[in-house]
Amino acid sequence: MTLPGGTHLSLRDAPDGTHHMDAVLHASEDFTELFEGRGDYTEEELGDPSAVVDRRWDEAREMLGTVLAGAARVLGEPAEAVERHSGRVSWPLEDRTIVVGLNQADQDCPVEVRLWLLPPGRTLDSLGL
């Protein structure tokens, strides 16, 4: 489903079949071309692709800080980190768990700021995500 502003909220299944929803709030570019030594990058960037990825992580962390500040005003302070992945925080509510954090599926994939809506009492780790 597409939300105002073009954000897509997707219904997904965890590896164990548990339904959850997620949305990408911010994403960098895909890094396939960068690591293949081509694409819309400077010679300096093509010579040091890791520096480009590091910059995109910095940009995503900055965006995450903005998202978390807004979410904290609405939801209160998040719970202590219970995920093994740093850069993710959660709000365990009575009827759902809300998680906001950083994600990169693989080295070539975009760096993302992502929102997950999970069943109550569940975490990304418990769902194998």
# chains A, B, ... in the order shown; residues from 1 in each chain; ligands from 1
$ residues_around --residues "A:Gly101" --least-positions-apart "6" --cutoff "8 Å" --atoms "only C-alpha atoms" --output "ChimeraX atom specification"
/A:64,87-89,113-115
$ select_by_dssp --residues "chain A" --states "strand (DSSP E)" --output "ChimeraX atom specification"
/A:9-13,19-27,88-92,97-103,112-118
$ closest_residue --among "A:Thr18, A:Ser28, A:Thr97, A:Thr42" --to "A:Glu112" --atoms "only C-alpha atoms"
A:Ser28
$ closest_residue --among "A:Leu118, A:Cys109, A:Val24, A:Ile98" --to "A:Pro78" --atoms "only C-alpha atoms"
A:Ile98
$ residues_around --residues "A:Pro119" --least-positions-apart "6" --cutoff "8 Å" --atoms "only C-alpha atoms" --output "list in words"
His19, His20, Asp95, Arg96 and Thr97 of chain A
$ residues_around --residues "A:Ser90" --least-positions-apart "6" --cutoff "12 Å" --atoms "only C-alpha atoms" --output "tab-separated table (two decimals) with all heavy atoms, in the first residue's frame"
chain	number	residue	atom	x	y	z
A	68	LEU	N	13.94	9.30	14.78
A	68	LEU	CA	13.80	8.92	16.18
A	68	LEU	C	13.33	10.08	17.05
A	68	LEU	O	12.53	9.89	17.97
A	68	LEU	CB	15.11	8.35	16.71
A	68	LEU	CG	15.53	7.01	16.14
A	68	LEU	CD1	16.87	6.58	16.70
A	68	LEU	CD2	14.47	5.95	16.38
A	71	ALA	N	9.64	10.34	16.40
A	71	ALA	CA	8.94	9.20	16.98
A	71	ALA	C	8.88	9.30	18.49
A	71	ALA	O	7.86	8.97	19.10
A	71	ALA	CB	9.61	7.90	16.55
A	72	ALA	N	9.95	9.76	19.11
A	72	ALA	CA	9.98	9.88	20.58
A	72	ALA	C	8.95	10.89	21.07
A	72	ALA	O	8.36	10.71	22.14
A	72	ALA	CB	11.37	10.25	21.05
A	75	LEU	N	5.68	8.62	20.59
A	75	LEU	CA	5.62	7.32	21.27
A	75	LEU	C	6.32	7.29	22.62
A	75	LEU	O	6.23	6.29	23.33
A	75	LEU	CB	6.26	6.25	20.38
A	75	LEU	CG	5.60	6.04	19.02
A	75	LEU	CD1	6.49	5.17	18.13
A	75	LEU	CD2	4.23	5.42	19.19
A	76	GLY	N	7.04	8.36	22.96
A	76	GLY	CA	7.84	8.35	24.17
A	76	GLY	C	9.21	7.77	23.87
A	76	GLY	O	9.53	7.42	22.73
A	77	GLU	N	10.02	7.65	24.88
A	77	GLU	CA	11.37	7.11	24.68
A	77	GLU	C	11.29	5.63	24.33
A	77	GLU	O	10.48	4.90	24.89
A	77	GLU	CB	12.21	7.31	25.94
A	77	GLU	CG	12.59	8.76	26.19
A	77	GLU	CD	13.36	9.38	25.03
A	77	GLU	OE1	14.30	8.75	24.52
A	77	GLU	OE2	13.01	10.51	24.64
A	78	PRO	N	12.15	5.18	23.40
A	78	PRO	CA	12.13	3.77	23.03
A	78	PRO	C	12.65	2.89	24.16
A	78	PRO	O	13.29	3.35	25.10
A	78	PRO	CB	13.07	3.71	21.82
A	78	PRO	CG	13.95	4.89	21.96
A	78	PRO	CD	13.15	5.94	22.67
A	79	ALA	N	12.37	1.60	24.02
A	79	ALA	CA	12.86	0.61	24.99
A	79	ALA	C	14.38	0.50	24.85
A	79	ALA	O	14.95	0.90	23.85
A	79	ALA	CB	12.21	-0.74	24.71
A	80	GLU	N	15.00	-0.07	25.86
A	80	GLU	CA	16.43	-0.35	25.74
A	80	GLU	C	16.64	-1.30	24.56
A	80	GLU	O	15.78	-2.12	24.25
A	80	GLU	CB	16.95	-1.02	27.02
A	80	GLU	CG	17.09	-0.05	28.16
A	80	GLU	CD	17.83	-0.68	29.32
A	80	GLU	OE1	18.77	-1.46	29.09
A	80	GLU	OE2	17.46	-0.40	30.46
A	81	ALA	N	17.77	-1.19	23.94
A	81	ALA	CA	18.06	-2.02	22.77
A	81	ALA	C	17.98	-3.49	23.15
A	81	ALA	O	18.62	-3.92	24.10
A	81	ALA	CB	19.44	-1.68	22.21
A	82	VAL	N	17.19	-4.22	22.40
A	82	VAL	CA	17.08	-5.66	22.61
A	82	VAL	C	17.47	-6.42	21.35
A	82	VAL	O	17.46	-7.63	21.34
A	82	VAL	CB	15.64	-6.07	23.04
A	82	VAL	CG1	15.33	-5.52	24.41
A	82	VAL	CG2	14.62	-5.63	22.02
A	83	GLU	N	17.81	-5.69	20.31
A	83	GLU	CA	18.20	-6.32	19.05
A	83	GLU	C	19.72	-6.47	19.04
A	83	GLU	O	20.44	-5.67	19.62
A	83	GLU	CB	17.77	-5.45	17.87
A	83	GLU	CG	16.29	-5.12	17.83
A	83	GLU	CD	15.42	-6.31	17.44
A	83	GLU	OE1	15.94	-7.29	16.89
A	83	GLU	OE2	14.21	-6.24	17.71
A	96	ARG	N	1.34	-4.11	19.49
A	96	ARG	CA	2.32	-4.25	18.41
A	96	ARG	C	3.67	-3.81	18.92
A	96	ARG	O	3.77	-3.17	19.97
A	96	ARG	CB	1.92	-3.40	17.20
A	96	ARG	CG	2.17	-1.91	17.38
A	96	ARG	CD	1.65	-1.05	16.27
A	96	ARG	NE	0.21	-0.98	16.17
A	96	ARG	CZ	-0.56	-0.16	16.89
A	96	ARG	NH1	-0.03	0.65	17.76
A	96	ARG	NH2	-1.86	-0.17	16.74
A	97	THR	N	4.69	-4.13	18.17
A	97	THR	CA	6.04	-3.62	18.43
A	97	THR	C	6.45	-2.80	17.22
A	97	THR	O	6.33	-3.25	16.08
A	97	THR	CB	7.05	-4.77	18.64
A	97	THR	OG1	6.63	-5.54	19.77
A	97	THR	CG2	8.45	-4.23	18.90
A	98	ILE	N	6.90	-1.59	17.48
A	98	ILE	CA	7.37	-0.70	16.42
A	98	ILE	C	8.89	-0.65	16.51
A	98	ILE	O	9.44	-0.41	17.59
A	98	ILE	CB	6.79	0.72	16.59
A	98	ILE	CG1	5.26	0.66	16.53
A	98	ILE	CG2	7.36	1.67	15.54
A	98	ILE	CD1	4.59	1.97	16.91
A	99	VAL	N	9.56	-0.89	15.39
A	99	VAL	CA	11.02	-0.85	15.34
A	99	VAL	C	11.42	0.12	14.23
A	99	VAL	O	10.85	0.09	13.13
A	99	VAL	CB	11.63	-2.23	15.04
A	99	VAL	CG1	13.15	-2.16	15.03
A	99	VAL	CG2	11.15	-3.27	16.05
A	100	VAL	N	12.37	0.98	14.52
A	100	VAL	CA	12.94	1.88	13.52
A	100	VAL	C	14.44	1.69	13.57
A	100	VAL	O	15.04	1.61	14.65
A	100	VAL	CB	12.59	3.36	13.81
A	100	VAL	CG1	13.24	4.29	12.81
A	100	VAL	CG2	11.08	3.56	13.83
A	101	GLY	N	15.06	1.58	12.40
A	101	GLY	CA	16.51	1.41	12.42
A	101	GLY	C	17.13	1.35	11.05
A	101	GLY	O	16.49	1.53	10.02
A	114	ARG	N	14.62	2.13	8.02
A	114	ARG	CA	13.43	1.30	7.82
A	114	ARG	C	12.56	1.31	9.07
A	114	ARG	O	13.04	1.42	10.19
A	114	ARG	CB	13.89	-0.12	7.49
A	114	ARG	CG	12.79	-1.05	7.04
A	114	ARG	CD	13.37	-2.39	6.61
A	114	ARG	NE	13.92	-2.34	5.27
A	114	ARG	CZ	13.27	-2.75	4.19
A	114	ARG	NH1	12.06	-3.25	4.29
A	114	ARG	NH2	13.83	-2.69	3.01
A	115	LEU	N	11.26	1.16	8.86
A	115	LEU	CA	10.26	1.03	9.92
A	115	LEU	C	9.67	-0.37	9.82
A	115	LEU	O	9.31	-0.80	8.72
A	115	LEU	CB	9.16	2.07	9.72
A	115	LEU	CG	7.85	1.86	10.48
A	115	LEU	CD1	8.06	2.19	11.96
A	115	LEU	CD2	6.75	2.71	9.89
A	116	TRP	N	9.59	-1.07	10.94
A	116	TRP	CA	8.96	-2.39	10.98
A	116	TRP	C	7.80	-2.34	11.98
A	116	TRP	O	7.95	-1.78	13.08
A	116	TRP	CB	9.92	-3.46	11.46
A	116	TRP	CG	11.05	-3.79	10.56
A	116	TRP	CD1	11.08	-4.75	9.58
A	116	TRP	CD2	12.37	-3.21	10.56
A	116	TRP	NE1	12.32	-4.78	8.98
A	116	TRP	CE2	13.12	-3.85	9.56
A	116	TRP	CE3	12.98	-2.19	11.30
A	116	TRP	CZ2	14.45	-3.53	9.29
A	116	TRP	CZ3	14.28	-1.86	11.04
A	116	TRP	CH2	15.01	-2.52	10.04
A	117	LEU	N	6.68	-2.92	11.63
A	117	LEU	CA	5.55	-3.10	12.53
A	117	LEU	C	5.41	-4.60	12.76
A	117	LEU	O	5.13	-5.36	11.83
A	117	LEU	CB	4.26	-2.54	11.91
A	117	LEU	CG	4.30	-1.06	11.56
A	117	LEU	CD1	3.00	-0.65	10.85
A	117	LEU	CD2	4.53	-0.21	12.79
A	118	LEU	N	5.63	-5.01	14.00
A	118	LEU	CA	5.69	-6.43	14.35
A	118	LEU	C	4.54	-6.79	15.28
A	118	LEU	O	4.00	-5.92	15.99
A	118	LEU	CB	7.01	-6.74	15.06
A	118	LEU	CG	8.29	-6.27	14.38
A	118	LEU	CD1	9.49	-6.61	15.25
A	118	LEU	CD2	8.43	-6.89	12.99
A	120	PRO	N	2.77	-8.07	18.72
A	120	PRO	CA	3.17	-7.74	20.09
A	120	PRO	C	4.13	-8.77	20.66
A	120	PRO	O	4.00	-9.97	20.42
A	120	PRO	CB	1.85	-7.72	20.86
A	120	PRO	CG	0.88	-8.43	20.01
A	120	PRO	CD	1.34	-8.30	18.59
A	121	GLY	N	5.12	-8.27	21.38
A	121	GLY	CA	6.08	-9.14	22.05
A	121	GLY	C	7.17	-9.71	21.15
A	121	GLY	O	8.02	-10.43	21.61
A	122	ARG	N	7.15	-9.40	19.88
A	122	ARG	CA	8.12	-9.94	18.95
A	122	ARG	C	9.21	-8.89	18.67
A	122	ARG	O	8.98	-7.69	18.79
A	122	ARG	CB	7.48	-10.36	17.63
A	122	ARG	CG	6.39	-11.42	17.75
A	122	ARG	CD	6.83	-12.72	18.40
A	122	ARG	NE	7.90	-13.42	17.69
A	122	ARG	CZ	7.71	-14.39	16.83
A	122	ARG	NH1	6.49	-14.82	16.53
A	122	ARG	NH2	8.74	-14.97	16.26
A	123	THR	N	10.38	-9.38	18.31
A	123	THR	CA	11.50	-8.52	17.91
A	123	THR	C	11.96	-8.97	16.54
A	123	THR	O	11.60	-10.06	16.07
A	123	THR	CB	12.67	-8.61	18.90
A	123	THR	OG1	13.22	-9.93	18.81
A	123	THR	CG2	12.26	-8.29	20.33
A	124	LEU	N	12.77	-8.16	15.90
A	124	LEU	CA	13.34	-8.56	14.60
A	124	LEU	C	14.16	-9.85	14.76
A	124	LEU	O	14.08	-10.75	13.93
A	124	LEU	CB	14.22	-7.45	14.03
A	124	LEU	CG	13.47	-6.18	13.61
A	124	LEU	CD1	14.46	-5.09	13.22
A	124	LEU	CD2	12.50	-6.47	12.48
A	125	ASP	N	14.92	-9.93	15.84
A	125	ASP	CA	15.73	-11.13	16.09
A	125	ASP	C	14.84	-12.36	16.26
A	125	ASP	O	15.13	-13.42	15.70
A	125	ASP	CB	16.61	-10.96	17.32
A	125	ASP	CG	17.77	-10.00	17.09
A	125	ASP	OD1	18.12	-9.73	15.92
A	125	ASP	OD2	18.32	-9.51	18.09
$ atom_distance --atom1 "atom CA of A:Leu25" --atom2 "atom CA of A:Leu127"
20.9 Å
